[in-house]
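**Q** Sharing a structure with you now.
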There are 2 protein chains.
Amino acid sequence: MKFNFIDGGICAAQGFRASGTYCGIKKPAVENPNIKHKNDICLYVSDVVCNAAAVYTQNKVKGAPIIVTKANLDKSGNKAKAVIANSKNANTCNADGEEKANRMCELVANELNIPKEQVIVASTGVIGQVLPIEPIEKAVPILVNELDYNKNLEAATAIMTTDTVKKEYAVEFLIGGKICKIGGMAKGSGMIHPNMATTLNFITTDCAIGSYLLQKALSEIVKVTYNCLSIDGDTSTNDMVCLMANGLALNEEITAEGEDFDIFKAALYEVMANLTRMLAKDGEGATKLLECTVSGAENKDTAITVAKSVVCSSLFKAAMFGEDANWGRVLCAIGYADAEFDINKVDVDLKSENGVVAVCRNGSGIDFSEEKASEVLSSDEIQILIELHEGSEKATAWGCDLTYDYVKINGDYRT
Amino acid sequence: MKFNFIDGGICAAQGFRASGTYCGIKKPAVENPNIKHKNDICLYVSDVVCNAAAVYTQNKVKGAPIIVTKANLDKSGNKAKAVIANSKNANTCNADGEEKANRMCELVANELNIPKEQVIVASTGVIGQVLPIEPIEKAVPILVNELDYNKNLEAATAIMTTDTVKKEYAVEFLIGGKICKIGGMAKGSGMIHPNMATTLNFITTDCAIGSYLLQKALSEIVKVTYNCLSIDGDTSTNDMVCLMANGLALNEEITAEGEDFDIFKAALYEVMANLTRMLAKDGEGATKLLECTVSGAENKDTAITVAKSVVCSSLFKAAMFGEDANWGRVLCAIGYADAEFDINKVDVDLKSENGVVAVCRNGSGIDFSEEKASEVLSSDEIQILIELHEGSEKATAWGCDLTYDYVKINGDYRT
């Protein structure tokens with residue numbers, strides 16, 4: 001299935017208004033020259049109540065917003081109408097974290113005159129610093145006042161931390177003759193190694209779809225998109241993806257698996273895979289996107305495990321930064337992946353817009369032109385193609401190179 | 001038990017001669033300015049046949065020397081007399097790898113007039129480049145001719161790759177009134193994340209001890225030393241620890257568990273823990289040793305898992321390079337460790353020769369002096385002390401900071 005990109009991010013789907021502003025949650029002691037965007041808080045609201053689905057970090061340390069959002073959706077029966085999110089402070093590992101996260105939901109609920117449990121809250125930034133609530137109390141009325149159907153960009157920039165570009169993607173598709181749209185925004189640059197969840201990702205749709213299927217689609221697609229992404233192997237405490245469906249496309253509600261559900265999932269994959277790719281490409285300090293596709297696996301999990309092992313290897317990531325065709329490091333990372341397969345059947349190719357070079361056949365090195373390899377690796381998007389020759393399943397994982405700037409950004413992030 | 005350091009490395013124990021030389025296995029296209037040592041091949045030999053024990057990498061991709069050594073020890077009934085090792089080429093992922101590794105053993109066996117299966121072979125360096133055998137054929141007679149009881153340093157420098165310092169450690173101890181010695185040498189700087197094995201580590205002893213107990217002691221101590229070490233999360237294809245005991249101390253052979261075996265294990269721990277510490281401190285590009293000790297765990301495995309998770313975190317490693325007391329990253333890494341415990345009981349202190357600073361109590365941040373924290377973190381050896389308050393087990397893991405130089409060294413290692 002092919003889908004066309006459309007503008008609008010989280011406001012692409014009908015009936016979603018957004019806003020973003022700067023409230024001054026934290027004035028950094030030293031301005032980070034990598035951060036040029038200014039907004040630090042955003043809100044988005046559906047005109048009607050939505051079915052909502054979410055997945056959360058599996059880190060034992062869970063940010064207070066994660067705990068509060070989960071409790072709200074449990075209470076509301078997975079219904080939601082509004083999302084508030086801030087950057088610069090993760091509101092995690094603070095004694096008063098849940099109290100503050102609940103207060104954020106209350107502020108929004110009071111201003112919009114909706115039940116508190118229909119509000120989703122998310123925070124990202126430094127762990128373990130007390131969240132100042134006063135700037136947020138002042139900001140919420142402003143955010144509500146400024147809500148508009150085209151302010152997706154104000155929101156998308158408000159959730160950025162060390163991100164250097166905003167991440168938005170949206171597509172449209174037909175369900176039963178009705179035009180439906182799915183759009184989303186994401187943030188994340190470091191501390192990215194999602195495990196059954198991910199960094200902050202907000203997705204909206206006007207497609208009518210039941211709660212159960214909405215969650216099923218989200219969980220399935222997260223597994224093959226965000227969970228196949230790693231920037232630095234660190235699973236964050238505040239990861240969350242949330243997907244809200246308001247039904248304003250007026251299609252007949254999808255209530256059973258079948259063709260319509262498959263179209264919905266394919267469209268959701270398109271949005272989430274593109275956001276994942278954007279997250280990888282904007283990894284902290286990254287100069288290159290690494291996209292590893294494993295084919296010929298006996299099962300999907302093996303393909304995922306092997307692909308992730310390669311994009312997680314610090315040594316391989318550093319070699320890609322140096323544009324060095326060190327395929328031995330690819331094979332080493334394949335070898336320590338926790339999956340069963342015959343290493344002596346493995347083939348590896350390196351590919352980019354500049355061509356393709358075969359570097360390994362049957363688990364052993366083969367002669368290749370260093371000149372051609374350098375040309376392939378000079379691109380800023382590198383594909384690593386691995387064939388296991390054991391079956392027909394495939395999967396892709398996304399990552400980025402390891403650079404001086406990653407070290408620089410993380411050597412002094414907190415102050 | 002306290003042990004005193006003695007000189008001599010692998011030649012500290014009686015009856016072990018060593019030698020090392022430069023044979024020209026590979027002339028790097030571009031000289032790596034980090035590599036100042038010259039030897040690229042070494043040999044060491046016991047005057048009498050030894051009981052031998054070994055552990056190997058768990059990577060599915062196994063270097064040819066690993067396969068050949070394992071086959072030799074199986075054939076000889078775990079008896080060995082000589083070890084040959086080269087650097088600059090890992091002899092891994094080559095179609096003719098095993099043939100070449102066997103040839104290295106044959107060359108040594110012929111020159112020393114011993115059975116080929118009593119020779120252990122190890123290689124370290126670039127993966128997937130054909131090993132030239134001619135330089136080794138020329139080197140072996142020279143190595144045999146130059147064997148001496150005090151040439152441990154010639155051997156210790158021959159196994160270095162991106163290592164900046166040689167690693168040797170030895171101790172002496174009494175068994176039944178007889179003076180016994182254990183000594184060792186190690187190499188390794190990157191691609192270090194041992195899994196049931198480790199980078200190259202060679203240990204010798206003159207203590208008389210049965211084969212079964214020798215292997216048991218080695219496996220037990222590996223688990224709490226080398227397997228608690230991570231430089232970059234990459235498990236090498238050529239990891240190997242081997243331990244040879246020639247019995248020349250003339251103590252009554254240790255053939256059962258008990259006091260003597262416990263003394264032997266404590267001495268072995270002393271040597272291996274110190275070599276592990278040296279490996280961590282000389283991690284590629286490292287400026288700081290990180291030593292994470294987890295106490296109060298319900299069981300040993302939990303303590304090991306949590307300690308390793310912290311020293312493996314790229315974000316925490318980068319923060320330590322920047323001397324930034326970002327304890328939230330410690331807690332984040334504790335949280336994604338694959339073990340069961342209550343995160344809300346966790347305490348964290350940072351410590352060095354400059355003092356100690358408490359940064360977290362009961363899973364939440366506490367106020368601390370940034371000035372004091374900076375002072376603590378300005379040291380080149382940092383301890384991270386974690387208390388779980390759930391039991392009485394403890395474990396230590398070793399690692400290093402993540403620096404610009406790690407990226408530089410690995411961005412262009414192969415050429």
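Following the order of the structure tokens, first chain is A, next is B, and so on, with residues numbered from 1 inside each chain and ligands from 1 in the order they appear.
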Please build the interface table for stretch 320-414 of chain B against stretch 55-58 of chain A with a cut-off of 12 Å, listing for each qualifying residue the nearest atom pair and the distance in Å to one decimal; count only C-alpha atoms, order rows by chain and increasing number, and write it as JSON lines.

**A**
```
{"residue": "B:Cys332", "atom": "CA", "partner": "A:Gln58", "partner_atom": "CA", "distance": 11.1}
{"residue": "B:Ala333", "atom": "CA", "partner": "A:Gln58", "partner_atom": "CA", "distance": 11.9}
{"residue": "B:Gly335", "atom": "CA", "partner": "A:Gln58", "partner_atom": "CA", "distance": 8.7}
{"residue": "B:Tyr336", "atom": "CA", "partner": "A:Gln58", "partner_atom": "CA", "distance": 7.4}
{"residue": "B:Ala337", "atom": "CA", "partner": "A:Gln58", "partner_atom": "CA", "distance": 10.4}
{"residue": "B:Asp338", "atom": "CA", "partner": "A:Gln58", "partner_atom": "CA", "distance": 10.4}
```

**Q** For B:Glu137, work out the shell of residues within 9 Å, counting only C-alpha atoms and skipping chain neighbours fewer than 3 positions away, then give it as a PyMOL selection string.

**A** chain B and resi 103-104+107+133-134+140-141

**Q** For A:Ser352, find every residue with an atom within 6 Å (counting only C-alpha atoms), except residues of its own chain fewer than 5 positions away, and show them as a list in words.

**A**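 Returned residues: Val376, Ile382 and Gln383 of chain A.
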
**Q** Counting only C-alpha atoms, collect the residues of chain B whose closest atom lies at most 6 Å from chain A, and write them out as a list in words.

**A** Asn59, Lys60, Val61, Cys93, Asn94, Ile127, Gly128, Ala318, Ala319, Phe321, Gly322, Gly328, Gly335, Tyr336, Ser364, Gly365, Thr403, Tyr404, Val407, Asn410, Gly411 and Asp412 of chain B

**Q** Applying 8 Å and only C-alpha atoms, which residues near B:Gly247 remain after dropping the ones on its own chain fewer than 4 positions away? List them as an MDAnalysis selection string.

**A** chainID B and resid 50 205:209 251 253

**Q** Which residues are close to B:Gln14, i.e. within 12 Å by only C-alpha atoms, leaving aside same-chain residues fewer than 5 positions away? Reply as a PyMOL selection string.

**A** chain B and resi 8-9+45-48+148-150+172+179-183+204-208+244-250

**Q** I'd like to know which residues of stretch 113-253 of chain B are helix (DSSP H, G or I) (by DSSP, run on the backbone); could you write them as JSON, numbers by chain?

**A** {"B": [116, 117, 118, 134, 135, 136, 137, 138, 139, 140, 141, 142, 143, 144, 145, 152, 153, 154, 155, 156, 157, 158, 211, 212, 213, 214, 215, 216, 217, 218, 219, 220, 221, 222, 223, 224, 226, 227, 228]}

**Q** Write out as number ranges by chain the residues lying within 9 Å of stretch 289-294 of chain A, counting only C-alpha atoms and excluding same-chain residues fewer than 3 positions away.

**A** A: 277-278, 280-283, 286, 297, 302-304, 306-308, 310-311, 317, 320, 380-388, 393-401

**Q** Write the residues of the preceding selection, restricted to N, CA and C atoms, as a JSON list (two decimals), in the first residue's frame.

**A**
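In the end it all went to selection_24.json:
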```json
[["chain", "number", "residue", "atom", "x", "y", "z"],
["A", 277, "ARG", "N", 12.11, 7.02, 11.56],
["A", 277, "ARG", "CA", 13.24, 7.37, 10.71],
["A", 277, "ARG", "C", 13.74, 8.78, 11.03],
["A", 278, "MET", "N", 12.81, 9.71, 11.25],
["A", 278, "MET", "CA", 13.20, 11.09, 11.58],
["A", 278, "MET", "C", 13.91, 11.14, 12.93],
["A", 280, "ALA", "N", 15.65, 8.72, 14.29],
["A", 280, "ALA", "CA", 16.99, 8.13, 14.13],
["A", 280, "ALA", "C", 17.93, 9.13, 13.48],
["A", 281, "LYS", "N", 17.44, 9.79, 12.43],
["A", 281, "LYS", "CA", 18.30, 10.71, 11.68],
["A", 281, "LYS", "C", 18.71, 11.91, 12.52],
["A", 282, "ASP", "N", 17.86, 12.27, 13.50],
["A", 282, "ASP", "CA", 18.16, 13.41, 14.37],
["A", 282, "ASP", "C", 18.70, 12.94, 15.72],
["A", 283, "GLY", "N", 19.22, 11.72, 15.77],
["A", 283, "GLY", "CA", 19.85, 11.21, 17.00],
["A", 283, "GLY", "C", 20.91, 12.20, 17.47],
["A", 286, "ALA", "N", 24.15, 13.00, 15.59],
["A", 286, "ALA", "CA", 24.23, 12.14, 14.41],
["A", 286, "ALA", "C", 24.56, 12.90, 13.14],
["A", 297, "ALA", "N", 14.79, -14.36, 7.49],
["A", 297, "ALA", "CA", 14.80, -14.90, 8.86],
["A", 297, "ALA", "C", 13.70, -15.95, 9.01],
["A", 302, "THR", "N", 13.46, -12.95, 15.25],
["A", 302, "THR", "CA", 14.88, -13.09, 14.92],
["A", 302, "THR", "C", 15.33, -11.92, 14.06],
["A", 303, "ALA", "N", 14.53, -11.58, 13.05],
["A", 303, "ALA", "CA", 14.88, -10.46, 12.17],
["A", 303, "ALA", "C", 15.02, -9.16, 12.97],
["A", 304, "ILE", "N", 14.08, -8.91, 13.88],
["A", 304, "ILE", "CA", 14.12, -7.70, 14.71],
["A", 304, "ILE", "C", 15.36, -7.69, 15.59],
["A", 306, "VAL", "N", 18.27, -9.27, 15.36],
["A", 306, "VAL", "CA", 19.54, -9.11, 14.64],
["A", 306, "VAL", "C", 19.68, -7.67, 14.14],
["A", 307, "ALA", "N", 18.61, -7.13, 13.57],
["A", 307, "ALA", "CA", 18.68, -5.76, 13.04],
["A", 307, "ALA", "C", 18.99, -4.76, 14.16],
["A", 308, "LYS", "N", 18.35, -4.94, 15.32],
["A", 308, "LYS", "CA", 18.60, -4.02, 16.44],
["A", 308, "LYS", "C", 20.02, -4.16, 16.97],
["A", 310, "VAL", "N", 22.71, -4.74, 15.37],
["A", 310, "VAL", "CA", 23.64, -4.02, 14.50],
["A", 310, "VAL", "C", 23.56, -2.50, 14.74],
["A", 311, "VAL", "N", 22.34, -1.95, 14.77],
["A", 311, "VAL", "CA", 22.24, -0.49, 14.94],
["A", 311, "VAL", "C", 22.59, -0.05, 16.36],
["A", 317, "LYS", "N", 28.72, 1.92, 14.91],
["A", 317, "LYS", "CA", 28.24, 3.29, 14.78],
["A", 317, "LYS", "C", 29.42, 4.26, 14.59],
["A", 320, "MET", "N", 30.83, 3.93, 11.08],
["A", 320, "MET", "CA", 30.02, 4.62, 10.08],
["A", 320, "MET", "C", 30.30, 6.12, 10.09],
["A", 380, "ASP", "N", 24.56, 10.37, 3.61],
["A", 380, "ASP", "CA", 24.11, 10.57, 4.99],
["A", 380, "ASP", "C", 22.96, 9.61, 5.37],
["A", 381, "GLU", "N", 22.66, 8.68, 4.48],
["A", 381, "GLU", "CA", 21.68, 7.63, 4.81],
["A", 381, "GLU", "C", 22.25, 6.30, 4.32],
["A", 382, "ILE", "N", 22.59, 5.43, 5.28],
["A", 382, "ILE", "CA", 23.26, 4.16, 4.94],
["A", 382, "ILE", "C", 22.32, 3.00, 5.25],
["A", 383, "GLN", "N", 22.19, 2.09, 4.31],
["A", 383, "GLN", "CA", 21.43, 0.86, 4.56],
["A", 383, "GLN", "C", 22.38, -0.31, 4.73],
["A", 384, "ILE", "N", 22.12, -1.11, 5.76],
["A", 384, "ILE", "CA", 22.88, -2.34, 5.97],
["A", 384, "ILE", "C", 21.91, -3.48, 5.69],
["A", 385, "LEU", "N", 22.20, -4.27, 4.64],
["A", 385, "LEU", "CA", 21.28, -5.32, 4.21],
["A", 385, "LEU", "C", 21.86, -6.68, 4.61],
["A", 386, "ILE", "N", 21.13, -7.40, 5.43],
["A", 386, "ILE", "CA", 21.60, -8.69, 5.93],
["A", 386, "ILE", "C", 20.62, -9.78, 5.49],
["A", 387, "GLU", "N", 21.16, -10.84, 4.88],
["A", 387, "GLU", "CA", 20.32, -11.96, 4.44],
["A", 387, "GLU", "C", 20.74, -13.18, 5.24],
["A", 388, "LEU", "N", 19.77, -13.80, 5.94],
["A", 388, "LEU", "CA", 20.10, -14.96, 6.78],
["A", 388, "LEU", "C", 19.91, -16.29, 6.06],
["A", 393, "GLU", "N", 10.93, -14.14, 6.67],
["A", 393, "GLU", "CA", 10.55, -12.97, 7.47],
["A", 393, "GLU", "C", 11.62, -11.89, 7.38],
["A", 394, "LYS", "N", 11.17, -10.63, 7.49],
["A", 394, "LYS", "CA", 12.13, -9.53, 7.49],
["A", 394, "LYS", "C", 11.73, -8.44, 8.48],
["A", 395, "ALA", "N", 12.70, -7.60, 8.84],
["A", 395, "ALA", "CA", 12.42, -6.47, 9.74],
["A", 395, "ALA", "C", 13.51, -5.42, 9.55],
["A", 396, "THR", "N", 13.18, -4.20, 9.91],
["A", 396, "THR", "CA", 14.13, -3.09, 9.80],
["A", 396, "THR", "C", 14.33, -2.46, 11.17],
["A", 397, "ALA", "N", 15.56, -2.07, 11.46],
["A", 397, "ALA", "CA", 15.84, -1.28, 12.67],
["A", 397, "ALA", "C", 16.56, -0.01, 12.26],
["A", 398, "TRP", "N", 16.35, 1.04, 13.05],
["A", 398, "TRP", "CA", 16.90, 2.35, 12.71],
["A", 398, "TRP", "C", 17.83, 2.86, 13.81],
["A", 399, "GLY", "N", 18.91, 3.50, 13.40],
["A", 399, "GLY", "CA", 19.83, 4.10, 14.37],
["A", 399, "GLY", "C", 20.63, 5.19, 13.68],
["A", 400, "CYS", "N", 21.72, 5.60, 14.33],
["A", 400, "CYS", "CA", 22.54, 6.66, 13.76],
["A", 400, "CYS", "C", 23.99, 6.43, 14.14],
["A", 401, "ASP", "N", 24.88, 7.20, 13.56],
["A", 401, "ASP", "CA", 26.30, 7.03, 13.87],
["A", 401, "ASP", "C", 26.64, 7.63, 15.23]]
```

**Q** When you count only C-alpha atoms, which of these residues is closest to B:Asn4: B:Asp74, B:Glu146, B:Glu257, B:Glu270?

**A**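 That would be B:Glu270, the residue with the smallest distance to B:Asn4.
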